[in-house]
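The block underneath contains the structure these notes are about, expressed in structure tokens.
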Amino acid sequence: MRRSHENKYAVYLMTEALMHIIYKKDLCIDLRAAQLIVQDRMMLQNAREMPVLCDIREVRRVNKPARDYLALEGSQWITALAFLIDPPVTDVISSIYLGTHAQTIPTRSFTKKSEALAFLKKHGQL
Amino acid sequence: MPNTDDFRVKRIQKMLLEMAKGNFFYSLEPSDKNDNIASLVVMLNMVNEEIAAAFIHQGFANAHNTPQCIIQLSLILDAKGQIELVTNGTCSLLSCMPKDLIGKHITELLTENSQRTWSKKMVKHLKRDRSETVLFLEFITNDGLFLAKDCQISVYQALDGSGQKIVLNSVFFSKGEPFETGLPKNKLKVTKGIKEHKVTLTPEDIQMIREVHDTILNNLDKDLPSLKDLALQMGTNEYKLKYGFKQIYGTTIFRFLTEERLRKSKTLIQHSNLSLKEIAHMNGFKSAAHFSRAFRDKYGKTPTDLRG
């Protein structure tokens, strides 16, 4: 079963085994944006836990309230999380996020999609 | 010009200088570039937010003897948005002289985004005699730094019949006394503590308490052992764990646990079809009734009300 969805901030592609979220370009992710992003993801997942691939390569700013929200409220129903990044900017964003928030699930950043998928396959199996 | 590396580095230096002074409320304009300087700007903004949060938080938790400085951004505008009065704090914050500000239109101080917010939102409020709202506005200082904050805006009628006026207010916390005014007489405290428990914490103790904090966060659904057992596990004593945690995080271990559980539950209530009983159970609450009560205490309404 494949499903897709789009809102102002991201595009979602969901398959049986993976949730793929692509953040759109040039938007500041603030608390309200983070809440919408999480809300739509949870609506699509409908209580099914799965690994998530987060493509943040076009993101340029995620503010603190949004980071805090994504780290706790926003990490539910995720078995493993891989960020797809494009150094240097998104590398810095993911490093600070990972360095300042306690992770409840296996989380890592990758520049190659194939490596990210391999990581999710290994750590995100239910 | 604004995009040359030289110019961007100068901005970064200005920002670092403000941080060195203890002013964590500025930020740098984000760019859509993906180069090394852009990554430094992003990093500086994020680090700044983290320090600010830690600082204000620690300020509250440990402020027993440290005076907190509150700098107020305060402006009076006429109905068109022209600045009639500025406080000294405002001038310092924006690194301007009063004469640079008085007579200017408020939008000249705002970023494009905020200019749009201002013109969109204020139309409605200016139609009324009196009105209050909170707008998130980004100011640009004379040095080119951003100052982003929720601002309280009140529209009122001047008594002398000169028509509508607008008051704009916002408050910034700062360390030390950068502008030498506005020191509050009363110390800020989180709780009305009867007795102040002071614990001397070594860097290792702080590290240990952070571990406790993170462990709790990662195990919200599980029961917490008693403080005595937890202290034993972490190789410390109950007193140090209890009051050290309070000192660092400004709340008790058990209150922190409940708060974080409630945050997660709230999202599940809003975005899932799980029953309230399931949600309560998943987040470590013993009973739906207990969950409901704790939820109402924090959010002012019961889980059932929220789901509506």
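Chain labels follow the order of the structure tokens: the first chain is A, the next B, and so on; residue numbering restarts at 1 in every chain, and ligands are counted from 1 in their shown order.
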Item to complete: Using DSSP on the backbone coordinates, identify all residues within chain A classified as alpha helix (DSSP H); present the result as a PyMOL selection string.
Response: chain A and resi 31-45+64-71+89-100+113-123
Saved selection, atoms kept: N, CA and C atoms, as a compact mmCIF listing (two decimals), in the first residue's frame:
```txt
# COMPACT_ATOMS: atom_id res chain seq x y z
N LEU A 31 7.39 26.33 15.58
CA LEU A 31 6.59 25.37 16.34
C LEU A 31 5.33 24.98 15.58
N ARG A 32 4.67 25.96 14.98
CA ARG A 32 3.41 25.66 14.30
C ARG A 32 3.66 24.73 13.12
N ALA A 33 4.77 24.98 12.40
CA ALA A 33 5.11 24.12 11.27
C ALA A 33 5.40 22.70 11.76
N ALA A 34 6.17 22.60 12.85
CA ALA A 34 6.53 21.28 13.39
C ALA A 34 5.27 20.51 13.79
N GLN A 35 4.33 21.22 14.40
CA GLN A 35 3.10 20.56 14.83
C GLN A 35 2.32 20.01 13.64
N LEU A 36 2.27 20.80 12.57
CA LEU A 36 1.55 20.35 11.38
C LEU A 36 2.25 19.16 10.73
N ILE A 37 3.57 19.24 10.69
CA ILE A 37 4.36 18.15 10.09
C ILE A 37 4.12 16.84 10.83
N VAL A 38 4.11 16.94 12.17
CA VAL A 38 3.90 15.74 12.99
C VAL A 38 2.46 15.25 12.87
N GLN A 39 1.54 16.19 12.91
CA GLN A 39 0.12 15.83 12.82
C GLN A 39 -0.17 15.04 11.55
N ASP A 40 0.33 15.52 10.42
CA ASP A 40 0.07 14.85 9.15
C ASP A 40 0.76 13.49 9.07
N ARG A 41 1.96 13.41 9.64
CA ARG A 41 2.65 12.12 9.65
C ARG A 41 1.85 11.09 10.46
N MET A 42 1.36 11.54 11.62
CA MET A 42 0.62 10.61 12.48
C MET A 42 -0.71 10.21 11.84
N MET A 43 -1.29 11.15 11.13
CA MET A 43 -2.55 10.85 10.44
C MET A 43 -2.33 9.76 9.39
N LEU A 44 -1.23 9.88 8.65
CA LEU A 44 -0.93 8.88 7.62
C LEU A 44 -0.60 7.53 8.23
N GLN A 45 0.17 7.55 9.32
CA GLN A 45 0.62 6.30 9.91
C GLN A 45 -0.49 5.57 10.64
N LYS A 64 14.18 26.74 17.99
CA LYS A 64 14.27 25.91 19.21
C LYS A 64 12.95 25.28 19.63
N PRO A 65 11.86 26.07 19.70
CA PRO A 65 10.60 25.43 20.08
C PRO A 65 10.26 24.25 19.14
N ALA A 66 10.55 24.42 17.86
CA ALA A 66 10.27 23.35 16.90
C ALA A 66 11.16 22.14 17.16
N ARG A 67 12.44 22.38 17.44
CA ARG A 67 13.35 21.27 17.71
C ARG A 67 12.90 20.49 18.95
N ASP A 68 12.52 21.23 19.99
CA ASP A 68 12.08 20.57 21.22
C ASP A 68 10.83 19.73 20.97
N TYR A 69 9.94 20.28 20.17
CA TYR A 69 8.69 19.56 19.88
C TYR A 69 8.97 18.30 19.07
N LEU A 70 9.80 18.44 18.05
CA LEU A 70 10.10 17.29 17.19
C LEU A 70 10.79 16.18 17.98
N ALA A 71 11.63 16.58 18.94
CA ALA A 71 12.39 15.58 19.69
C ALA A 71 11.51 14.76 20.62
N VAL A 89 25.26 23.11 5.55
CA VAL A 89 24.20 23.68 6.40
C VAL A 89 23.36 22.62 7.11
N THR A 90 22.81 21.68 6.37
CA THR A 90 21.93 20.71 7.04
C THR A 90 22.71 19.74 7.92
N ASP A 91 24.01 19.61 7.64
CA ASP A 91 24.87 18.81 8.50
C ASP A 91 24.91 19.44 9.90
N VAL A 92 25.08 20.76 9.91
CA VAL A 92 25.11 21.49 11.17
C VAL A 92 23.77 21.39 11.90
N ILE A 93 22.69 21.55 11.14
CA ILE A 93 21.37 21.48 11.77
C ILE A 93 21.16 20.12 12.42
N SER A 94 21.46 19.06 11.71
CA SER A 94 21.22 17.73 12.29
C SER A 94 22.19 17.46 13.44
N SER A 95 23.44 17.92 13.33
CA SER A 95 24.39 17.68 14.43
C SER A 95 23.94 18.35 15.72
N ILE A 96 23.49 19.59 15.59
CA ILE A 96 23.07 20.30 16.82
C ILE A 96 21.82 19.65 17.39
N TYR A 97 20.91 19.28 16.50
CA TYR A 97 19.68 18.63 16.96
C TYR A 97 20.02 17.34 17.71
N LEU A 98 20.87 16.54 17.11
CA LEU A 98 21.22 15.26 17.73
C LEU A 98 22.04 15.46 19.00
N GLY A 99 22.87 16.51 18.99
CA GLY A 99 23.74 16.73 20.15
C GLY A 99 23.02 17.33 21.35
N THR A 100 21.90 17.98 21.12
CA THR A 100 21.25 18.67 22.24
C THR A 100 19.96 18.00 22.71
N LYS A 113 21.45 8.47 0.17
CA LYS A 113 20.16 7.87 0.46
C LYS A 113 20.27 6.37 0.68
N SER A 114 21.13 5.73 -0.10
CA SER A 114 21.26 4.27 0.01
C SER A 114 21.74 3.87 1.41
N GLU A 115 22.68 4.64 1.93
CA GLU A 115 23.18 4.33 3.28
C GLU A 115 22.11 4.56 4.34
N ALA A 116 21.34 5.62 4.13
CA ALA A 116 20.26 5.92 5.07
C ALA A 116 19.25 4.77 5.08
N LEU A 117 18.92 4.29 3.89
CA LEU A 117 17.94 3.20 3.80
C LEU A 117 18.48 1.93 4.44
N ALA A 118 19.78 1.68 4.26
CA ALA A 118 20.38 0.50 4.87
C ALA A 118 20.31 0.58 6.39
N PHE A 119 20.58 1.79 6.90
CA PHE A 119 20.52 2.01 8.36
C PHE A 119 19.11 1.75 8.88
N LEU A 120 18.12 2.29 8.14
CA LEU A 120 16.74 2.12 8.60
C LEU A 120 16.31 0.66 8.54
N LYS A 121 16.80 -0.04 7.54
CA LYS A 121 16.46 -1.44 7.40
C LYS A 121 17.02 -2.23 8.59
N LYS A 122 18.24 -1.88 8.96
CA LYS A 122 18.89 -2.59 10.04
C LYS A 122 18.26 -2.28 11.41
N HIS A 123 17.96 -0.98 11.64
CA HIS A 123 17.52 -0.59 12.98
C HIS A 123 16.02 -0.40 13.13
```
Discussion item. Taking only C-alpha atoms into account, find every residue of chain B that has an atom no more than 6 Å from chain A, and write it out as a PyMOL selection string.
Written reply: chain B and resi 34+39+214+218+264+271
Worksheet item: Within 8 Å of region 166-175 of chain B, counting only C-alpha atoms, which residues qualify if same-chain residues fewer than 3 places away don't, as an NGL selection string?
Response: :B and (21-25 or 56 or 68-79 or 81 or 149-156 or 178)
Worksheet item: Contacts of Met19 (chain A) at 8 Å or less, counting only C-alpha atoms, minus same-chain residues fewer than 3 places along, as a PyMOL selection string?
Response: chain A and resi 12-15+50-53
Worksheet item: In chain A, what's strand (DSSP E) per DSSP? Answer as a ChimeraX atom specification?
Response: /A:3-6,10-14,19-23,28-29,50-55,61-62,78-84,107-110
Item to complete: Find the spatial neighbours of Ile22 (chain A), counting only C-alpha atoms, within a cut-off of 8 Å - ignore same-chain residues fewer than 6 positions away - and output them as an MDAnalysis selection string.
Response: chainID A and resid 10:12 54:56
Any chance you can output those residues with N, CA and C atoms as an mmCIF file, in the first residue's frame?
```
data_model
loop_
_atom_site.group_PDB
_atom_site.id
_atom_site.type_symbol
_atom_site.label_atom_id
_atom_site.label_comp_id
_atom_site.auth_asym_id
_atom_site.auth_seq_id
_atom_site.Cartn_x
_atom_site.Cartn_y
_atom_site.Cartn_z
ATOM 1 N N ALA A 10 6.021 20.006 3.787
ATOM 2 C CA ALA A 10 6.672 18.750 3.425
ATOM 3 C C ALA A 10 5.822 17.894 2.502
ATOM 4 N N VAL A 11 6.525 16.945 1.851
ATOM 5 C CA VAL A 11 5.850 15.936 1.035
ATOM 6 C C VAL A 11 6.078 14.592 1.717
ATOM 7 N N TYR A 12 5.042 13.802 1.829
ATOM 8 C CA TYR A 12 5.133 12.508 2.499
ATOM 9 C C TYR A 12 4.895 11.389 1.492
ATOM 10 N N CYS A 54 13.992 11.216 6.714
ATOM 11 C CA CYS A 54 13.672 12.636 6.710
ATOM 12 C C CYS A 54 14.647 13.378 5.811
ATOM 13 N N ASP A 55 14.189 13.821 4.672
ATOM 14 C CA ASP A 55 15.063 14.539 3.747
ATOM 15 C C ASP A 55 15.016 16.027 4.084
ATOM 16 N N ILE A 56 16.068 16.496 4.802
ATOM 17 C CA ILE A 56 16.042 17.898 5.243
ATOM 18 C C ILE A 56 17.009 18.747 4.432
#
```
Discussion item. Between CA of Pro225 (chain B) and CA of Leu241 (chain B), what distance in Å does the model show, to one decimal?
Written reply: 12.9 Å
Do a neighbour search on Val212 (chain B) at 10 Å with only C-alpha atoms, toss out local chain neighbours closer than 6 positions, and write the hits as a short mmCIF file (atom, residue, chain, number, x, y, z; two decimals) with C-alpha atoms, in the first residue's frame.
```cif
data_model
loop_
_atom_site.label_atom_id
_atom_site.label_comp_id
_atom_site.auth_asym_id
_atom_site.auth_seq_id
_atom_site.Cartn_x
_atom_site.Cartn_y
_atom_site.Cartn_z
CA ILE B 206 25.94 17.64 36.71
CA ASN B 218 13.85 7.77 27.08
CA LEU B 230 17.74 5.70 41.55
CA ALA B 231 20.43 7.47 43.56
CA MET B 234 23.70 6.36 39.78
CA LEU B 241 19.92 13.69 43.28
CA PHE B 245 17.95 17.90 39.79
CA ILE B 253 12.14 14.55 39.18
#
```
Item to complete: Would you mind listing what lies within 12 Å of Thr117 (chain B) as a PyMOL selection string, with only C-alpha atoms counted and same-chain residues fewer than 6 positions away left out?
Response: chain B and resi 107+110-111+123-124+134-138
